[in-house]
$ cat work.cif   # mmCIF, N, CA and C atoms and all ligand atoms
data_my_file
#
loop_
_atom_site.label_atom_id
_atom_site.label_comp_id
_atom_site.auth_asym_id
_atom_site.auth_seq_id
_atom_site.Cartn_x
_atom_site.Cartn_y
_atom_site.Cartn_z
N MET R 1 79.72 89.88 65.80
CA MET R 1 80.88 90.55 66.36
C MET R 1 80.37 91.69 67.25
N PRO R 2 80.79 91.71 68.51
CA PRO R 2 80.32 92.79 69.39
C PRO R 2 80.97 94.12 69.03
N THR R 3 80.27 95.17 69.37
CA THR R 3 80.86 96.50 69.21
C THR R 3 81.90 96.69 70.31
N GLU R 4 82.69 97.72 70.20
CA GLU R 4 83.68 98.03 71.23
C GLU R 4 83.01 98.22 72.59
N ALA R 5 81.89 98.95 72.58
CA ALA R 5 81.18 99.22 73.84
C ALA R 5 80.62 97.93 74.44
N GLU R 6 80.09 97.07 73.60
CA GLU R 6 79.56 95.79 74.08
C GLU R 6 80.68 94.93 74.67
N TRP R 7 81.82 94.92 73.98
CA TRP R 7 82.96 94.12 74.47
C TRP R 7 83.44 94.67 75.81
N GLU R 8 83.57 95.98 75.90
CA GLU R 8 84.03 96.58 77.14
C GLU R 8 83.08 96.27 78.29
N PHE R 9 81.78 96.38 78.03
CA PHE R 9 80.78 96.08 79.06
C PHE R 9 80.97 94.65 79.56
N ALA R 10 81.09 93.72 78.64
CA ALA R 10 81.25 92.32 79.03
C ALA R 10 82.59 92.08 79.71
N ALA R 11 83.65 92.71 79.18
CA ALA R 11 84.99 92.48 79.72
C ALA R 11 85.12 93.03 81.14
N ARG R 12 84.47 94.13 81.40
CA ARG R 12 84.59 94.73 82.73
C ARG R 12 83.85 93.93 83.80
N GLY R 13 82.89 93.18 83.44
CA GLY R 13 82.21 92.31 84.40
C GLY R 13 81.62 93.06 85.57
N GLY R 14 81.16 94.28 85.34
CA GLY R 14 80.54 95.06 86.40
C GLY R 14 81.51 95.98 87.13
N MET R 15 82.77 96.01 86.72
CA MET R 15 83.77 96.84 87.39
C MET R 15 83.94 98.17 86.66
N ASP R 16 82.84 98.85 86.42
CA ASP R 16 82.89 100.13 85.71
C ASP R 16 83.72 101.15 86.48
N GLY R 17 84.53 101.88 85.76
CA GLY R 17 85.32 102.93 86.36
C GLY R 17 86.59 102.46 87.05
N MET R 18 86.83 101.18 87.10
CA MET R 18 88.03 100.64 87.74
C MET R 18 89.18 100.63 86.73
N ASP R 19 90.40 100.62 87.26
CA ASP R 19 91.56 100.57 86.39
C ASP R 19 91.73 99.22 85.70
N PHE R 20 91.30 98.19 86.37
CA PHE R 20 91.46 96.84 85.83
C PHE R 20 90.10 96.13 85.87
N THR R 21 90.00 95.04 85.20
CA THR R 21 88.72 94.33 85.18
C THR R 21 88.43 93.63 86.51
N TRP R 22 89.41 93.59 87.43
CA TRP R 22 89.21 92.99 88.75
C TRP R 22 89.22 94.04 89.86
N GLY R 23 89.32 95.31 89.53
CA GLY R 23 89.34 96.36 90.54
C GLY R 23 90.41 97.39 90.27
N ASN R 24 90.81 98.11 91.29
CA ASN R 24 91.82 99.16 91.10
C ASN R 24 93.23 98.74 91.48
N GLU R 25 93.34 97.60 92.12
CA GLU R 25 94.67 97.16 92.56
C GLU R 25 95.38 96.37 91.48
N ASP R 26 96.60 96.78 91.18
CA ASP R 26 97.41 96.06 90.20
C ASP R 26 98.02 94.85 90.89
N THR R 27 97.46 93.69 90.63
CA THR R 27 97.92 92.47 91.29
C THR R 27 98.75 91.58 90.37
N GLN R 28 99.14 92.09 89.24
CA GLN R 28 99.81 91.22 88.27
C GLN R 28 101.16 90.70 88.75
N LEU R 29 101.77 91.36 89.69
CA LEU R 29 103.05 90.89 90.21
C LEU R 29 102.89 90.00 91.43
N THR R 30 101.73 90.01 92.03
CA THR R 30 101.51 89.21 93.23
C THR R 30 100.48 88.10 93.01
N LYS R 31 99.41 88.41 92.31
CA LYS R 31 98.36 87.43 92.00
C LYS R 31 97.84 87.74 90.59
N PRO R 32 98.52 87.21 89.58
CA PRO R 32 98.12 87.51 88.20
C PRO R 32 96.66 87.16 87.95
N MET R 33 95.97 88.11 87.34
CA MET R 33 94.56 87.92 87.01
C MET R 33 94.34 87.79 85.50
N ALA R 34 95.44 87.88 84.75
CA ALA R 34 95.38 87.76 83.31
C ALA R 34 96.77 87.48 82.79
N ASN R 35 96.83 87.00 81.59
CA ASN R 35 98.11 86.74 80.96
C ASN R 35 98.66 88.04 80.40
N THR R 36 99.67 88.55 81.06
CA THR R 36 100.26 89.82 80.66
C THR R 36 101.78 89.66 80.61
N TRP R 37 102.45 90.73 80.36
CA TRP R 37 103.91 90.74 80.39
C TRP R 37 104.33 91.34 81.72
N GLN R 38 105.16 90.64 82.45
CA GLN R 38 105.71 91.20 83.68
C GLN R 38 107.20 91.37 83.46
N GLY R 39 107.67 92.56 83.60
CA GLY R 39 109.07 92.83 83.39
C GLY R 39 109.25 93.97 82.42
N GLU R 40 110.46 94.15 81.99
CA GLU R 40 110.78 95.23 81.07
C GLU R 40 110.65 94.74 79.64
N PHE R 41 109.60 95.17 78.98
CA PHE R 41 109.35 94.74 77.61
C PHE R 41 110.31 95.43 76.65
N PRO R 42 110.84 94.74 75.71
CA PRO R 42 110.68 93.31 75.39
C PRO R 42 111.87 92.47 75.85
N TYR R 43 112.66 92.98 76.77
CA TYR R 43 113.91 92.30 77.13
C TYR R 43 113.79 91.35 78.31
N GLN R 44 112.86 91.62 79.23
CA GLN R 44 112.80 90.85 80.46
C GLN R 44 111.36 90.39 80.69
N ASN R 45 111.14 89.10 80.61
CA ASN R 45 109.81 88.56 80.89
C ASN R 45 109.92 87.70 82.13
N LEU R 46 109.40 88.17 83.23
CA LEU R 46 109.54 87.47 84.50
C LEU R 46 108.62 86.27 84.63
N LEU R 47 107.64 86.16 83.77
CA LEU R 47 106.73 85.00 83.72
C LEU R 47 106.05 84.74 85.06
N ILE R 48 105.73 85.78 85.79
CA ILE R 48 105.04 85.60 87.07
C ILE R 48 103.70 84.90 86.85
N ASP R 49 103.09 85.16 85.72
CA ASP R 49 101.81 84.50 85.42
C ASP R 49 102.01 83.11 84.79
N ARG R 50 103.25 82.69 84.59
CA ARG R 50 103.66 81.37 84.08
C ARG R 50 103.53 81.22 82.57
N TYR R 51 103.09 82.23 81.85
CA TYR R 51 102.87 82.07 80.42
C TYR R 51 103.72 83.03 79.61
N GLU R 52 104.52 82.46 78.74
CA GLU R 52 105.33 83.29 77.86
C GLU R 52 104.52 83.70 76.63
N GLY R 53 103.70 82.80 76.14
CA GLY R 53 102.84 83.10 75.00
C GLY R 53 101.40 83.19 75.46
N THR R 54 100.51 82.58 74.70
CA THR R 54 99.11 82.58 75.10
C THR R 54 98.90 81.58 76.23
N SER R 55 97.78 81.68 76.90
CA SER R 55 97.45 80.76 77.99
C SER R 55 96.13 80.07 77.68
N PRO R 56 95.95 78.86 78.20
CA PRO R 56 94.69 78.14 77.96
C PRO R 56 93.50 78.88 78.56
N VAL R 57 92.36 78.74 77.92
CA VAL R 57 91.13 79.34 78.44
C VAL R 57 90.88 78.83 79.86
N GLY R 58 90.55 79.74 80.74
CA GLY R 58 90.26 79.36 82.12
C GLY R 58 91.49 79.33 83.02
N SER R 59 92.61 79.82 82.56
CA SER R 59 93.82 79.84 83.37
C SER R 59 93.75 80.86 84.50
N PHE R 60 92.86 81.82 84.37
CA PHE R 60 92.72 82.87 85.38
C PHE R 60 91.26 82.94 85.80
N GLU R 61 91.01 83.60 86.90
CA GLU R 61 89.66 83.68 87.44
C GLU R 61 88.72 84.41 86.47
N PRO R 62 87.44 84.04 86.48
CA PRO R 62 86.48 84.73 85.62
C PRO R 62 86.19 86.14 86.15
N ASN R 63 85.65 86.97 85.28
CA ASN R 63 85.28 88.32 85.75
C ASN R 63 83.94 88.26 86.49
N GLY R 64 83.42 89.39 86.86
CA GLY R 64 82.20 89.46 87.65
C GLY R 64 80.96 88.89 86.98
N TYR R 65 81.03 88.72 85.68
CA TYR R 65 79.91 88.10 84.96
C TYR R 65 80.15 86.61 84.70
N GLY R 66 81.24 86.10 85.27
CA GLY R 66 81.55 84.69 85.09
C GLY R 66 82.20 84.37 83.75
N LEU R 67 82.71 85.39 83.08
CA LEU R 67 83.33 85.20 81.77
C LEU R 67 84.85 85.08 81.93
N PHE R 68 85.41 84.12 81.25
CA PHE R 68 86.85 83.91 81.29
C PHE R 68 87.54 84.61 80.12
N ASP R 69 88.78 85.00 80.38
CA ASP R 69 89.66 85.49 79.33
C ASP R 69 89.09 86.66 78.54
N MET R 70 88.40 87.53 79.20
CA MET R 70 87.90 88.73 78.53
C MET R 70 88.99 89.80 78.43
N VAL R 71 90.01 89.62 79.25
CA VAL R 71 91.14 90.53 79.17
C VAL R 71 92.05 90.01 78.07
N PRO R 72 92.28 90.82 77.08
CA PRO R 72 93.11 90.37 75.95
C PRO R 72 94.49 89.96 76.41
N GLN R 73 95.02 88.97 75.78
CA GLN R 73 96.38 88.54 76.05
C GLN R 73 97.28 89.41 75.19
N MET R 74 97.71 90.48 75.78
CA MET R 74 98.48 91.44 75.00
C MET R 74 99.45 92.18 75.90
N ILE R 75 100.21 93.00 75.30
CA ILE R 75 101.23 93.74 76.01
C ILE R 75 100.84 95.21 76.00
N ASP R 76 100.92 95.81 77.15
CA ASP R 76 100.59 97.22 77.25
C ASP R 76 101.77 98.05 76.80
N THR R 77 101.53 98.89 75.85
CA THR R 77 102.59 99.77 75.39
C THR R 77 102.32 101.19 75.84
N GLY R 78 101.41 101.33 76.81
CA GLY R 78 101.05 102.64 77.28
C GLY R 78 99.91 103.23 76.48
N MET R 79 99.43 102.50 75.51
CA MET R 79 98.33 102.99 74.68
C MET R 79 97.03 102.37 75.15
N THR R 80 95.95 102.98 74.78
CA THR R 80 94.65 102.43 75.09
C THR R 80 94.34 101.30 74.12
N HIS R 81 93.88 100.20 74.66
CA HIS R 81 93.54 99.05 73.83
C HIS R 81 92.04 98.88 73.81
N ILE R 82 91.50 98.60 72.70
CA ILE R 82 90.08 98.41 72.45
C ILE R 82 89.21 99.31 73.30
N GLY R 83 89.63 100.52 73.48
CA GLY R 83 88.77 101.52 74.07
C GLY R 83 88.74 101.58 75.58
N PHE R 84 89.48 100.78 76.26
CA PHE R 84 89.50 100.91 77.71
C PHE R 84 90.89 100.60 78.23
N ARG R 85 91.20 101.22 79.32
CA ARG R 85 92.50 101.01 79.94
C ARG R 85 92.46 99.69 80.65
N CYS R 86 92.72 98.68 79.94
CA CYS R 86 92.57 97.40 80.53
C CYS R 86 93.82 97.01 81.28
N ILE R 87 94.02 96.68 82.11
CA ILE R 87 94.76 95.61 82.71
C ILE R 87 96.24 95.55 82.77
N VAL R 88 96.86 95.77 81.70
CA VAL R 88 98.22 95.29 81.61
C VAL R 88 99.21 96.41 81.87
N ARG R 89 99.32 96.83 83.10
CA ARG R 89 100.22 97.93 83.41
C ARG R 89 101.23 97.48 84.44
N THR R 90 101.92 96.43 84.18
CA THR R 90 102.73 95.81 85.23
C THR R 90 104.22 95.85 84.95
N THR R 91 104.65 96.72 84.12
CA THR R 91 106.07 96.79 83.84
C THR R 91 106.82 97.19 85.10
N ILE R 92 107.80 96.41 85.45
CA ILE R 92 108.61 96.72 86.63
C ILE R 92 109.63 97.77 86.25
N LYS R 93 109.68 98.80 87.01
CA LYS R 93 110.62 99.89 86.72
C LYS R 93 111.91 99.65 87.47
CA CA T 1 102.46 86.22 80.45
#

$ encode --input "work.cif" --output "structure tokens" --more "lines below"
Ligand SMILES: [Ca+2]
Amino acid sequence: MPTEAEWEFAARGGMDGMDFTWGNEDTQLTKPMANTWQGEFPYQNLLIDRYEGTSPVGSFEPNGYGLFDMVPQMIDTGMTHIGFRCIVRTTIK
């Protein structure tokens, strides 16, 4: 089992200091890079990424290290998840 730091290193794929594992641009509403919740949680799920639940491995592009699905399939509640501000900040206001 990797440590939190090891997981973060692998999950970031070389994108240290970025807001997301693919860079600083939030593309979840235009080009989803991970299975996240788009819309007003928990009432509105726009399914822009096409997945209401989990998604098959390889449904999104790999990170900079060629690893798939390193971004957890989870919902951002505004809290830090597994030690890094990963990814899922796409709630439409
Ligand atoms: Ca989704």

$ closest_atom_pairs --input "work.cif" --of "chain R" --to "ligand CA 1 (chain T)" --cutoff "8 Å" --atoms "only N, CA and C atoms and all ligand atoms" --output "Markdown table"
| residue | atom | partner | partner_atom | distance |
| --- | --- | --- | --- | --- |
| R:Ala34 | C | T:CA1 | CA | 6.3 |
| R:Asn35 | C | T:CA1 | CA | 4.2 |
| R:Thr36 | C | T:CA1 | CA | 3.5 |
| R:Trp37 | N | T:CA1 | CA | 4.5 |
| R:Gln38 | N | T:CA1 | CA | 5.6 |
| R:Asn45 | CA | T:CA1 | CA | 7.7 |
| R:Leu46 | C | T:CA1 | CA | 7.4 |
| R:Leu47 | CA | T:CA1 | CA | 5.5 |
| R:Ile48 | N | T:CA1 | CA | 6.3 |
| R:Asp49 | CA | T:CA1 | CA | 5.3 |
| R:Arg50 | N | T:CA1 | CA | 5.5 |
| R:Tyr51 | C | T:CA1 | CA | 3.5 |
| R:Glu52 | N | T:CA1 | CA | 4.6 |
| R:Gly53 | N | T:CA1 | CA | 5.6 |
| R:Thr54 | N | T:CA1 | CA | 7.1 |
| R:Ser55 | N | T:CA1 | CA | 7.4 |
| R:Gln73 | CA | T:CA1 | CA | 7.9 |
| R:Met74 | N | T:CA1 | CA | 7.9 |

$ atom_distance --input "work.cif" --atom1 "atom N of R:Gln44" --atom2 "atom N of R:Pro56"
21.2 Å

$ residues_around --input "work.cif" --residues "R:Phe68" --least-positions-apart "5" --cutoff "7 Å" --atoms "only C-alpha atoms" --output "PDB file with N, CA and C atoms, keeping the file's coordinate frame"
ATOM      1  N   VAL R  57      92.360  78.740  77.920  1.00  0.00           N
ATOM      2  CA  VAL R  57      91.130  79.340  78.440  1.00  0.00           C
ATOM      3  C   VAL R  57      90.880  78.830  79.860  1.00  0.00           C
ATOM      4  N   GLY R  58      90.550  79.740  80.740  1.00  0.00           N
ATOM      5  CA  GLY R  58      90.260  79.360  82.120  1.00  0.00           C
ATOM      6  C   GLY R  58      91.490  79.330  83.020  1.00  0.00           C
ATOM      7  N   GLU R  61      91.010  83.600  86.900  1.00  0.00           N
ATOM      8  CA  GLU R  61      89.660  83.680  87.440  1.00  0.00           C
ATOM      9  C   GLU R  61      88.720  84.410  86.470  1.00  0.00           C
ATOM     10  N   PRO R  62      87.440  84.040  86.480  1.00  0.00           N
ATOM     11  CA  PRO R  62      86.480  84.730  85.620  1.00  0.00           C
ATOM     12  C   PRO R  62      86.190  86.140  86.150  1.00  0.00           C
ATOM     13  N   ASN R  63      85.650  86.970  85.280  1.00  0.00           N
ATOM     14  CA  ASN R  63      85.280  88.320  85.750  1.00  0.00           C
ATOM     15  C   ASN R  63      83.940  88.260  86.490  1.00  0.00           C
TER      16      ASN R  63
END

$ atom_distance --input "work.cif" --atom1 "atom C of R:Gly23" --atom2 "atom C of R:Met1"
25.8 Å

$ atom_distance --input "work.cif" --atom1 "atom CA of R:Phe60" --atom2 "atom CA of R:Lys31"
9.8 Å

$ residues_around --input "work.cif" --residues "R:Met70" --least-positions-apart "4" --cutoff "7 Å" --atoms "only N, CA and C atoms" --output "NGL selection string"
:R and (10-12 or 63)

$ closest_residue --input "work.cif" --among "R:Asn24, R:Glu8, R:Glu40, R:Gly13" --to "R:Leu67" --atoms "only N, CA and C atoms"
R:Gly13
